[in-house]
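**Q** Please find data.txt (compact mmCIF, C-alpha atoms and all ligand atoms) on the next line:
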# COMPACT_ATOMS: atom_id res chain seq x y z
CA MET A 1 0.00 0.00 0.00
CA LEU A 2 1.32 3.43 -0.93
CA ARG A 3 2.09 5.69 1.97
CA LYS A 4 -0.13 8.69 1.64
CA GLU A 5 0.48 11.80 3.68
CA LEU A 6 -2.51 13.83 4.75
CA HIS A 7 -1.52 17.45 5.12
CA VAL A 8 -3.50 19.39 7.66
CA ALA A 9 -2.53 22.97 8.46
CA GLY A 10 -1.14 23.49 11.95
CA LEU A 11 -0.17 19.88 12.73
CA THR A 12 3.27 19.20 14.16
CA GLN A 13 3.73 16.56 11.44
CA PRO A 14 1.65 15.22 8.53
CA LEU A 15 -0.69 12.32 9.21
CA ASP A 16 0.03 9.08 7.42
CA ALA A 17 -3.08 7.40 5.97
CA GLN A 18 -1.65 3.89 6.27
CA SER A 19 -0.80 4.12 9.95
CA LEU A 20 -4.12 5.86 10.66
CA GLY A 21 -5.89 2.92 9.00
CA ALA A 22 -3.91 0.49 11.14
CA LEU A 23 -4.69 2.50 14.28
CA LEU A 24 -8.41 2.57 13.43
CA ALA A 25 -8.40 -1.21 12.94
CA GLU A 26 -6.64 -1.67 16.28
CA LEU A 27 -9.07 0.64 18.10
CA GLY A 28 -11.98 -1.27 16.56
CA VAL A 29 -10.67 -4.60 17.87
CA GLU A 30 -10.07 -3.13 21.34
CA ALA A 31 -13.52 -1.52 21.41
CA ARG A 32 -15.18 -4.90 20.66
CA ALA A 33 -14.09 -6.11 24.09
CA HIS A 34 -17.01 -4.04 25.44
CA ARG A 35 -19.61 -5.34 22.95
CA PHE A 36 -21.91 -7.03 25.45
CA GLU A 37 -21.83 -4.04 27.79
CA VAL A 38 -22.66 -1.41 25.16
CA ALA A 39 -25.12 -3.24 22.86
CA PRO A 40 -27.19 -2.18 21.06
CA ASN A 41 -24.90 0.85 20.92
CA PRO A 42 -21.85 0.56 18.69
CA CYS A 43 -18.41 -0.46 19.93
CA VAL A 44 -16.28 2.66 19.47
CA GLY A 45 -12.62 3.36 20.12
CA ALA A 46 -10.83 6.69 19.96
CA ALA A 47 -7.27 7.97 20.33
CA VAL A 48 -5.57 11.35 20.65
CA LEU A 49 -2.39 11.81 18.62
CA ALA A 50 0.49 14.19 19.31
CA ALA A 51 3.45 14.33 16.91
CA GLY A 52 2.30 11.08 15.31
CA GLU A 53 2.20 9.23 18.64
CA VAL A 54 -0.88 7.98 20.48
CA VAL A 55 -1.01 9.81 23.82
CA ALA A 56 -4.38 8.48 24.98
CA ARG A 57 -7.05 5.96 24.06
CA GLY A 58 -10.69 5.81 25.03
CA TYR A 59 -13.67 3.53 24.50
CA HIS A 60 -17.40 3.40 24.83
CA ARG A 61 -17.50 0.90 27.70
CA VAL A 62 -21.02 0.88 29.15
CA TRP A 63 -24.42 1.46 27.53
CA GLY A 64 -25.80 4.86 28.50
CA GLN A 65 -22.45 6.09 29.74
CA GLU A 66 -19.74 8.24 28.18
CA HIS A 67 -18.70 7.76 24.58
CA ALA A 68 -15.19 6.89 23.35
CA GLU A 69 -14.33 10.46 22.30
CA VAL A 70 -15.05 11.82 25.78
CA ASP A 71 -13.09 8.97 27.40
CA ALA A 72 -10.09 9.56 25.09
CA LEU A 73 -10.10 13.34 25.55
CA ARG A 74 -10.17 12.90 29.32
CA ALA A 75 -7.30 10.39 29.16
CA ALA A 76 -5.36 12.84 26.95
CA ARG A 77 -5.83 15.63 29.52
CA GLU A 78 -4.63 13.24 32.23
CA SER A 79 -1.58 12.24 30.12
CA GLY A 80 0.03 15.62 30.81
CA VAL A 81 0.73 16.22 27.08
CA PRO A 82 -0.31 19.87 26.56
CA LEU A 83 -3.26 20.59 24.27
CA GLU A 84 -1.04 22.63 21.89
CA ARG A 85 0.67 19.35 20.97
CA TRP A 86 -2.52 17.39 20.24
CA ASP A 87 -2.71 16.90 16.49
CA ALA A 88 -5.82 14.82 15.95
CA LEU A 89 -8.59 12.83 17.53
CA VAL A 90 -8.97 9.49 15.74
CA VAL A 91 -12.32 7.76 16.21
CA THR A 92 -13.74 4.60 14.66
CA LEU A 93 -17.26 6.04 14.21
CA GLU A 94 -18.49 9.49 13.28
CA PRO A 95 -19.05 11.51 16.51
CA CYS A 96 -22.67 11.80 17.60
CA SER A 97 -24.25 15.21 17.21
CA SER A 98 -27.46 14.86 19.22
CA GLN A 99 -28.38 14.51 22.87
CA GLY A 100 -28.95 10.92 23.92
CA LYS A 101 -28.26 9.45 27.35
CA THR A 102 -25.11 11.62 27.22
CA PRO A 103 -24.49 15.05 25.58
CA PRO A 104 -23.38 15.17 21.91
CA CYS A 105 -19.73 14.23 21.39
CA THR A 106 -19.35 17.04 18.85
CA GLU A 107 -19.73 19.46 21.80
CA ALA A 108 -17.00 17.71 23.78
CA ILE A 109 -14.66 17.77 20.76
CA LEU A 110 -15.28 21.46 20.11
CA ALA A 111 -14.81 22.28 23.80
CA ALA A 112 -11.51 20.34 23.86
CA GLY A 113 -10.04 22.67 21.21
CA ILE A 114 -8.48 19.95 19.02
CA GLY A 115 -8.24 20.98 15.34
CA CYS A 116 -8.45 17.71 13.40
CA VAL A 117 -10.66 14.62 13.62
CA VAL A 118 -10.11 11.38 11.71
CA VAL A 119 -13.24 9.25 11.35
CA GLY A 120 -13.32 5.52 10.58
CA SER A 121 -16.97 5.08 9.54
CA PHE A 122 -20.24 6.92 9.01
CA ASP A 123 -23.24 6.61 11.31
CA PRO A 124 -25.59 4.07 9.64
CA ASP A 125 -28.73 5.82 10.92
CA PRO A 126 -29.98 8.01 8.05
CA ARG A 127 -31.27 10.53 10.60
CA HIS A 128 -27.72 11.12 11.89
CA ARG A 129 -25.42 10.10 9.06
CA GLY A 130 -22.90 12.83 8.23
CA LYS A 131 -24.37 15.33 10.71
CA GLY A 132 -21.53 15.10 13.26
CA ILE A 133 -18.95 15.57 10.52
CA GLU A 134 -20.86 18.56 9.10
CA GLN A 135 -21.07 20.20 12.54
CA LEU A 136 -17.36 19.85 13.16
CA ARG A 137 -16.47 21.16 9.70
CA ALA A 138 -18.87 24.08 10.11
CA ALA A 139 -17.00 24.96 13.31
CA GLY A 140 -13.73 25.07 11.35
CA LEU A 141 -12.25 21.66 12.24
CA GLU A 142 -10.47 19.54 9.66
CA VAL A 143 -12.35 16.22 9.38
CA ILE A 144 -10.81 13.32 7.45
CA VAL A 145 -13.02 10.31 6.70
CA LEU A 146 -11.00 7.16 6.06
CA GLU A 147 -13.75 4.52 6.25
CA ALA A 148 -11.23 2.07 7.71
CA SER A 149 -13.43 0.77 10.57
CA PRO A 150 -16.40 -0.94 8.90
CA LEU A 151 -19.27 -1.48 11.30
CA GLU A 152 -19.62 -5.04 9.97
CA ASN A 153 -16.35 -5.71 11.83
CA THR A 154 -16.62 -3.48 14.89
CA SER A 155 -20.36 -3.45 15.64
CA PRO A 156 -22.67 -5.88 13.83
CA GLN A 157 -25.14 -5.37 16.70
CA PHE A 158 -25.41 -1.67 15.83
CA LEU A 159 -26.10 -2.46 12.18
CA SER A 160 -28.81 -4.88 13.25
CA TRP A 161 -30.28 -2.20 15.57
CA ASN A 162 -30.35 0.23 12.61
CA ASP A 163 -31.76 -2.30 10.19
CA PHE A 164 -34.62 -0.90 8.08
CA GLU A 165 -37.13 -3.52 9.25
CA ARG A 166 -36.24 -2.96 12.87
CA ARG A 167 -36.65 0.80 12.55
CA ARG A 168 -39.99 0.22 10.85
CA ARG A 169 -41.29 -2.00 13.68
CA PRO A 170 -39.20 -0.89 16.65
CA ARG A 171 -38.70 -3.09 19.68
CA PRO A 172 -36.17 -2.93 22.50
CA TRP A 173 -32.84 -4.71 22.57
CA ILE A 174 -33.58 -7.78 24.68
CA ILE A 175 -30.93 -9.53 26.74
CA ALA A 176 -32.03 -12.94 28.00
CA LYS A 177 -30.17 -13.94 31.12
CA TRP A 178 -30.56 -17.21 32.90
CA ALA A 179 -28.70 -19.53 35.25
CA GLN A 180 -28.69 -23.23 34.51
CA THR A 181 -27.41 -26.45 36.01
CA LEU A 182 -24.87 -28.64 34.22
CA THR A 183 -27.78 -30.39 32.47
CA GLY A 184 -29.32 -27.08 31.39
CA GLN A 185 -32.23 -26.94 33.86
CA LEU A 186 -33.18 -23.54 35.25
CA THR A 187 -34.40 -24.87 38.60
CA PRO A 188 -31.87 -26.73 40.79
CA PRO A 189 -32.63 -29.90 42.77
CA LYS A 190 -34.58 -29.04 45.96
CA SER A 191 -31.48 -29.77 48.06
CA VAL A 192 -29.34 -27.12 46.32
CA GLY A 193 -29.45 -23.33 46.88
CA GLU A 194 -32.77 -23.45 48.77
CA GLY A 195 -34.18 -25.08 45.65
CA ARG A 196 -33.71 -21.76 43.86
CA TRP A 197 -30.11 -20.56 43.49
CA ILE A 198 -27.80 -22.08 40.88
CA SER A 199 -25.10 -19.46 40.37
CA GLY A 200 -22.58 -18.15 42.90
CA SER A 201 -22.33 -14.78 44.64
CA GLY A 202 -19.98 -13.31 42.00
CA SER A 203 -22.47 -14.11 39.24
CA GLN A 204 -25.32 -12.66 41.29
CA ALA A 205 -23.31 -9.45 41.76
CA GLU A 206 -22.75 -9.28 37.98
CA VAL A 207 -26.48 -9.64 37.40
CA GLY A 208 -27.11 -6.82 39.88
CA LEU A 209 -24.85 -4.60 37.80
CA LEU A 210 -26.53 -5.68 34.57
CA ARG A 211 -29.94 -4.82 36.06
CA SER A 212 -28.71 -1.30 36.78
CA ARG A 213 -27.80 -0.92 33.10
CA VAL A 214 -31.18 -1.62 31.51
CA ASP A 215 -34.41 0.34 31.29
CA ALA A 216 -36.65 -2.57 32.32
CA ILE A 217 -36.59 -6.14 33.62
CA VAL A 218 -39.22 -8.50 32.23
CA THR A 219 -40.31 -11.71 33.94
CA GLY A 220 -43.17 -14.20 33.72
CA ILE A 221 -45.92 -14.92 36.20
CA GLY A 222 -44.46 -18.43 36.65
CA THR A 223 -41.33 -16.92 38.20
CA VAL A 224 -43.32 -14.50 40.36
CA LEU A 225 -45.46 -17.34 41.74
CA SER A 226 -42.56 -19.73 42.37
CA ASP A 227 -39.66 -17.47 43.40
CA ASP A 228 -41.39 -14.26 44.50
CA PRO A 229 -38.43 -12.14 43.30
CA ARG A 230 -38.04 -8.40 44.00
CA LEU A 231 -35.99 -7.66 40.83
CA THR A 232 -34.45 -4.65 42.52
CA VAL A 233 -31.01 -3.16 42.04
CA ARG A 234 -28.57 -3.55 44.87
CA PRO A 235 -26.86 -1.50 46.17
CA SER A 236 -28.97 1.46 45.22
CA ALA A 237 -26.21 4.09 45.57
CA GLY A 238 -25.93 6.28 42.51
CA ILE A 239 -28.93 4.80 40.70
CA THR A 240 -31.27 7.62 39.74
CA ALA A 241 -33.76 5.67 37.65
CA PRO A 242 -33.94 1.99 38.63
CA PRO A 243 -35.27 -0.28 35.88
CA ALA A 244 -39.00 -0.79 35.63
CA ARG A 245 -40.17 -4.30 36.57
CA VAL A 246 -42.59 -5.88 34.12
CA VAL A 247 -44.57 -9.07 34.81
CA LEU A 248 -46.17 -10.85 31.85
CA ASP A 249 -49.24 -12.22 33.55
CA THR A 250 -51.97 -13.22 31.10
CA ALA A 251 -54.70 -13.83 33.70
CA LEU A 252 -53.64 -11.31 36.39
CA ARG A 253 -52.51 -13.87 38.93
CA THR A 254 -49.81 -11.66 40.47
CA PRO A 255 -50.37 -11.71 44.25
CA THR A 256 -50.97 -8.32 45.80
CA ASP A 257 -48.51 -9.22 48.56
CA ALA A 258 -45.73 -10.19 46.12
CA ARG A 259 -42.27 -9.06 47.19
CA LEU A 260 -42.16 -6.92 44.03
CA PHE A 261 -44.19 -4.43 46.06
CA HIS A 262 -41.87 -4.53 49.07
CA ALA A 263 -38.33 -3.38 48.34
CA GLU A 264 -35.87 -3.77 51.17
CA PRO A 265 -33.86 -0.89 52.62
CA GLY A 266 -30.89 -0.01 50.43
CA GLU A 267 -32.48 -1.38 47.28
CA ALA A 268 -33.50 0.66 44.26
CA ALA A 269 -36.89 -0.51 43.00
CA GLY A 270 -38.39 0.66 39.71
CA PRO A 271 -42.11 0.90 39.01
CA VAL A 272 -44.04 -2.38 38.66
CA HIS A 273 -46.05 -2.99 35.46
CA VAL A 274 -48.33 -6.00 35.24
CA VAL A 275 -49.25 -6.79 31.65
CA SER A 276 -52.29 -9.00 31.15
CA LEU A 277 -54.65 -10.05 28.39
CA THR A 278 -57.26 -7.41 27.63
CA GLY A 279 -60.50 -8.52 29.24
CA ALA A 280 -58.83 -11.10 31.48
CA ASP A 281 -60.29 -9.42 34.53
CA PHE A 282 -64.04 -9.12 33.83
CA SER A 283 -64.96 -7.34 37.03
CA GLY A 284 -61.82 -5.21 37.20
CA SER A 285 -61.35 -6.23 40.83
CA ARG A 286 -57.95 -7.91 40.31
CA ALA A 287 -56.64 -4.92 38.40
CA LEU A 288 -57.93 -2.58 41.10
CA ALA A 289 -56.29 -4.63 43.87
CA LEU A 290 -52.97 -4.69 42.02
CA THR A 291 -53.17 -0.96 41.36
CA GLU A 292 -53.77 -0.38 45.07
CA ALA A 293 -50.75 -2.59 45.80
CA GLY A 294 -48.64 -0.23 43.67
CA ALA A 295 -48.68 -1.76 40.18
CA GLN A 296 -49.61 -0.20 36.87
CA VAL A 297 -51.87 -2.68 35.07
CA HIS A 298 -52.03 -2.87 31.27
CA GLY A 299 -54.09 -4.96 28.86
CA LEU A 300 -52.69 -6.29 25.58
CA ARG A 301 -53.81 -8.71 22.87
CA GLY A 302 -53.17 -12.43 23.16
CA ASP A 303 -51.59 -14.98 20.83
CA ASP A 304 -53.23 -18.06 19.40
CA VAL A 305 -52.56 -20.13 22.54
CA HIS A 306 -53.99 -17.46 24.85
CA HIS A 307 -50.70 -16.18 26.18
CA LEU A 308 -49.70 -12.58 25.61
CA ASN A 309 -48.69 -11.84 22.02
CA LEU A 310 -44.97 -11.10 22.25
CA ARG A 311 -44.94 -8.84 19.19
CA GLU A 312 -47.51 -6.68 21.03
CA VAL A 313 -45.49 -6.91 24.23
CA THR A 314 -42.25 -5.77 22.58
CA ALA A 315 -44.03 -2.90 20.80
CA TRP A 316 -45.58 -1.90 24.16
CA LEU A 317 -42.16 -2.00 25.86
CA TRP A 318 -40.84 0.32 23.15
CA ARG A 319 -43.76 2.72 23.62
CA GLN A 320 -42.91 2.91 27.33
CA GLY A 321 -39.49 4.24 26.27
CA PHE A 322 -37.65 1.03 27.21
CA ARG A 323 -34.70 0.52 24.85
CA ARG A 324 -32.49 -2.03 26.63
CA VAL A 325 -34.43 -4.71 28.43
CA LEU A 326 -33.36 -7.66 30.56
CA LEU A 327 -35.46 -10.83 30.34
CA GLU A 328 -35.15 -12.74 33.62
CA ALA A 329 -37.77 -15.44 33.36
CA GLY A 330 -38.32 -19.18 33.67
CA PRO A 331 -38.03 -21.63 30.76
CA THR A 332 -41.60 -21.08 29.49
CA LEU A 333 -41.32 -17.37 28.74
CA LEU A 334 -37.66 -17.60 27.74
CA ALA A 335 -38.50 -20.30 25.18
CA SER A 336 -41.35 -18.18 23.78
CA PHE A 337 -39.12 -15.13 23.38
CA LEU A 338 -36.30 -17.19 21.85
CA ASP A 339 -38.66 -18.97 19.43
CA ALA A 340 -40.19 -15.65 18.36
CA GLY A 341 -36.70 -14.32 17.50
CA PHE A 342 -37.04 -11.41 19.92
CA VAL A 343 -33.90 -12.12 21.95
CA ASP A 344 -30.87 -10.14 20.75
CA GLN A 345 -28.30 -11.17 23.31
CA VAL A 346 -27.87 -13.96 25.86
CA ARG A 347 -25.95 -14.28 29.09
CA VAL A 348 -26.04 -17.78 30.53
CA TYR A 349 -24.49 -18.76 33.86
CA THR A 350 -23.85 -22.49 34.27
CA GLY A 351 -23.30 -23.40 37.90
CA PRO A 352 -21.54 -26.55 39.14
CA VAL A 353 -24.87 -28.20 39.93
CA PRO A 354 -25.74 -31.63 38.51
CA GLY A 355 -29.35 -32.46 37.69
CA GLY A 356 -32.19 -30.05 38.26
CA ARG A 357 -35.89 -29.64 37.66
CA GLY A 358 -38.03 -28.47 34.76
CA GLU A 359 -37.32 -27.88 31.11
CA SER A 360 -33.73 -27.60 29.90
CA LEU A 361 -32.69 -24.91 27.42
CA GLY A 362 -29.48 -26.84 26.74
CA SER A 363 -30.61 -28.24 23.38
CA TRP A 364 -31.74 -24.79 22.32
CA LEU A 365 -28.27 -23.40 23.08
CA VAL A 366 -26.53 -26.18 21.18
CA ALA A 367 -28.72 -25.68 18.10
CA SER A 368 -28.50 -21.86 17.96
CA ALA A 369 -26.24 -19.69 15.93
CA LEU A 370 -24.48 -17.81 18.70
CA GLU A 371 -22.59 -14.87 17.27
CA GLU A 372 -19.55 -13.01 18.65
CA ARG A 373 -19.56 -15.65 21.40
CA LEU A 374 -17.52 -15.14 24.58
CA ASP A 375 -16.91 -17.87 27.18
CA ARG A 376 -15.52 -16.85 30.54
CA GLU A 377 -15.62 -17.81 34.20
CA CYS A 378 -17.10 -16.09 37.20
CA GLY A 379 -16.10 -17.86 40.41
CA GLU A 380 -17.18 -21.47 39.96
CA ASP A 381 -19.68 -20.61 37.21
CA GLN A 382 -19.13 -20.73 33.47
CA VAL A 383 -20.53 -17.72 31.66
CA LEU A 384 -21.54 -17.67 28.01
CA GLU A 385 -22.34 -14.40 26.26
CA ALA A 386 -23.39 -14.03 22.64
CA PHE A 387 -25.53 -12.09 20.20
CA LEU A 388 -28.34 -13.66 18.18
CA HIS A 389 -29.45 -12.62 14.68
CA VAL A 390 -26.92 -9.79 14.28
CA ARG A 391 -25.45 -10.87 10.94
N1 LIG A 401 -32.46 -20.13 36.57
C1 LIG A 401 -33.01 -18.99 36.22
O1 LIG A 401 -32.35 -18.11 35.65
C2 LIG A 401 -34.48 -18.77 36.48
C3 LIG A 401 -35.04 -17.50 36.29
C4 LIG A 401 -36.41 -17.36 36.52
C5 LIG A 401 -37.15 -18.45 36.92
N2 LIG A 401 -36.55 -19.65 37.12
C6 LIG A 401 -37.30 -20.84 37.54
O2 LIG A 401 -38.27 -21.10 36.55
C7 LIG A 401 -39.40 -21.70 37.17
C8 LIG A 401 -40.65 -20.97 36.67
O3 LIG A 401 -40.69 -21.19 35.29
P1 LIG A 401 -41.94 -20.83 34.40
O4 LIG A 401 -41.54 -21.28 33.04
O5 LIG A 401 -43.15 -21.33 35.03
O6 LIG A 401 -41.98 -19.23 34.56
P2 LIG A 401 -41.92 -18.01 33.53
O7 LIG A 401 -41.35 -18.43 32.24
O8 LIG A 401 -41.25 -16.91 34.26
O9 LIG A 401 -43.44 -17.63 33.35
C9 LIG A 401 -44.21 -18.37 32.47
C10 LIG A 401 -45.58 -17.76 32.36
O10 LIG A 401 -45.52 -16.52 31.67
C11 LIG A 401 -46.80 -16.27 31.14
N3 LIG A 401 -46.76 -15.80 29.76
C12 LIG A 401 -47.38 -14.70 29.30
N4 LIG A 401 -47.21 -14.57 28.00
C13 LIG A 401 -46.47 -15.61 27.60
C14 LIG A 401 -45.97 -16.04 26.34
N5 LIG A 401 -46.19 -15.33 25.22
N6 LIG A 401 -45.27 -17.18 26.29
C15 LIG A 401 -45.03 -17.89 27.41
N7 LIG A 401 -45.47 -17.53 28.62
C16 LIG A 401 -46.18 -16.40 28.73
C17 LIG A 401 -47.54 -17.59 31.16
O11 LIG A 401 -48.51 -17.49 32.15
P3 LIG A 401 -50.05 -17.56 31.78
O12 LIG A 401 -50.37 -19.02 31.75
O13 LIG A 401 -50.74 -16.84 32.84
O14 LIG A 401 -50.19 -16.99 30.43
C18 LIG A 401 -46.49 -18.59 31.54
O15 LIG A 401 -46.97 -19.69 32.26
C19 LIG A 401 -39.21 -21.60 38.64
O16 LIG A 401 -38.80 -22.86 39.15
C20 LIG A 401 -38.09 -20.61 38.81
O17 LIG A 401 -37.29 -20.87 39.93
C21 LIG A 401 -35.23 -19.84 36.91
Spell out the structure here as structure tokens.
**A**
Amino acid sequence: MLRKELHVAGLTQPLDAQSLGALLAELGVEARAHRFEVAPNPCVGAAVLAAGEVVARGYHRVWGQEHAEVDALRAARESGVPLERWDALVVTLEPCSSQGKTPPCTEAILAAGIGCVVVGSFDPDPRHRGKGIEQLRAAGLEVIVLEASPLENTSPQFLSWNDFERRRRPRPWIIAKWAQTLTGQLTPPKSVGEGRWISGSGSQAEVGLLRSRVDAIVTGIGTVLSDDPRLTVRPSAGITAPPARVVLDTALRTPTDARLFHAEPGEAAGPVHVVSLTGADFSGSRALALTEAGAQVHGLRGDDVHHLNLREVTAWLWRQGFRRVLLEAGPTLLASFLDAGFVDQVRVYTGPVPGGRGESLGSWLVASALEERLDRECGEDQVLEAFLHVR
């Protein structure tokens, strides 16, 4: 490949297109390490260059939290290299230009005072594509687009999120999380973990963190009746908007004294929504009792086997403003969501527990196309993370 120098006025030395391409590729690989924490957002990496050297790198690490550009600019300030020596900010994806969960990155770049930005790919969303670049150029910055970080490589989940069909019929990004025994059952033998717990304390702490990083947690009435979970976030420190708790309960069987309505001190508990079949409660007395207990009760259409229609449920979740949703249910609801193709991401904890009760999702896991798969350990548990349907 020919070395091509990119001359930008005011830089301490010209930029070299080949090494910028290599740096963008490297940042893309590094950013992918955070794919399961940021999805459905894109994996983005950024670097600040001074005299041709990388002085700081940054990444988008957690959904809803700061973007790579802001992380890299902060790291550059902390590096001690003075701003006058910063030549360029290199970023794998065009900086965002609109307010989301965080302020627009274009503002942070303009405020930093850096004069040149090198961009590795355009935003695939037609509503945003090119806007960040335009804004920076309009403010007098030099913006070089190299298209060296294709989203197919760095962020297939973001392409799937921006897919035409998905934008036409929007639904939240759904992460199905479950714990299973070595034989794939979701309920342990009665003699293990009070007949309820499969995974260890480290895994449970991870799930607590994951709960704090979604807009809503969805469960089924089967889980409410058997486990009576609270689905709260612990510890509550620093959580301003705990995730809503949604029970899919066709016939309004949720008990009014369920622990969902009784958070414990130190826990952050989001609002409770009970979603039932329209007309399931002829007299309205169950709905009234649940409302008095603190729930918001909603009626939706059913499917052909008289459960809730999951297409309706996902559209309803979207209308509530829920974008990243955690599905923490038993095998019945999990299987329905998986079969309907509405699960985008899985996190499965396998504890060192032989046997178990109920249906196993093991054969489902073996047969599925798990994409971008990651296998790791958490204490004594094996953890599998993967995307579904992103390619
Ligand atoms: N290991 C884990 O990660 C984990 C997590 C949660 C629960 N569990 C275990 O799972 C067991 C409970 O399992 P489960 O399967 O009964 O509970 P579930 O999957 O949480 O709830 C199932 C219920 O959801 C309702 N539902 C509404 N719409 C549905 C739809 N479209 N498709 C399917 N179901 C729909 C149905 O109730 P209606 O009949 O009223 O429609 C169905 O019976 C317990 O032993 C619990 O300990 C394990």
**Q** The residues within 9 Å of (-25.3, -29.5, 37.5), using all atoms listed in the file and the coordinates of the file, should be reported as a PyMOL selection string; which are they?
**A** chain A and resi 180-185+188+198+350-356
**Q** Within 6 Å of ligand LIG 401 (chain A) (counting all atoms listed in the file), which residues show up? I'd like them as a list in words.
**A**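 Answer in the requested format: Trp178, Ala179, Gln180, Leu186, Thr187, Arg196, Thr219, Gly220, Ile221, Gly222, Thr223, Ser226, Asp227, Leu248, Asp249, Thr250, Ala251, His307, Leu308, Asn309, Leu310, Glu328, Ala329, Gly330, Pro331, Thr332, Leu333, Leu334 and Ser336 of chain A.
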**Q** As an exercise, work out the distance from CA of Arg311 in chain A to CA of Leu338 in chain A in Å and give it to one decimal place.
**A** 12.3 Å
**Q** Which of these residues is nearest to Leu365 in chain A, using only C-alpha atoms: A:Val117, A:Gly302, A:Arg319, A:Glu385?
**A**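 For Leu365 in chain A, the nearest of the given residues is A:Glu385.
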**Q** Write out as a PyMOL selection string each polymer residue whose atoms come within 10 Å of Glu84 in chain A, counting only C-alpha atoms; drop sequence neighbours fewer than 4 positions from it.
**A** chain A and resi 10-12+50+113-115
**Q** For His273 in chain A, find every residue with an atom within 7 Å (counting all atoms listed in the file), except residues of its own chain fewer than 4 positions away, and show them as a ChimeraX atom specification.
**A** /A:245-247,295-297
**Q** Looking at A:Pro124, A:Gly58, A:Gly200, A:Pro82, which one is nearest to Gly379 in chain A, with distances taken over all atoms listed in the file?
**A**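 The shortest atom-to-atom distance to Gly379 in chain A comes from A:Gly200.
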**Q** Interatomic distance between CA of Phe342 in chain A and CA of Lys177 in chain A?
**A**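 That distance, rounded to one decimal, is 13.4 Å.
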**Q** Under the rule that all atoms listed in the file are counted, which of A:Gly132, A:Pro150, A:Pro156, A:Gly140 is the nearest residue to Phe36 in chain A?
**A**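 The closest residue to Phe36 in chain A is A:Pro156.
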**Q** Just give me the gap between CA of Ala176 in chain A and CA of Asp304 in chain A in Å, one decimal is fine.
**A** 23.4 Å
**Q** Show me the residues around (-10.8, 24.4, 21.9) - criterion: an atom at most 12 Å away, all atoms listed in the file counted - as a PyMOL selection string.
**A** chain A and resi 73+83-84+86+106-116+136+139-141
**Q** Which is closest to Arg32 in chain A among A:Ser368, A:Gly100, A:Leu374, A:Val313, if we use all atoms listed in the file?
**A**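 Of all the options, A:Leu374 lies closest to Arg32 in chain A.
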**Q** Counting only C-alpha atoms, what is within 9 Å of Ala47 in chain A, bar same-chain residues fewer than 4 positions away, as a VMD selection string?
**A** chain A and resid 23 to 24 27 54 to 59 68 to 69 72 to 73 76 88 to 91
**Q** When distances are computed from only C-alpha atoms, which of A:Asp87, A:Glu134, A:Glu165, A:Glu66 shows the smallest separation from Pro104 in chain A?
**A**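 Checking each candidate against Pro104 in chain A, we get A:Glu66 as the closest.
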**Q** Tell me, as a list in words, which residues lie within 10 Å of Val343 in chain A, counting only C-alpha atoms; anything in the same chain fewer than 2 positions away does not count.
**A** Pro172, Trp173, Ile174, Ile175, Ala176, Val325, Leu326, Leu327, Leu334, Ala335, Ser336, Phe337, Leu338, Asp339, Ala340, Gly341, Gln345, Val346, Phe387, Leu388 and His389 of chain A
**Q** From the set A:Arg301, A:Leu20, A:Leu231, A:Leu290, which residue has the shortest atom-to-atom contact distance to Glu267 in chain A, counting all atoms listed in the file?
**A**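 Residue with the minimum atom-to-atom distance to Glu267 in chain A: A:Leu231.
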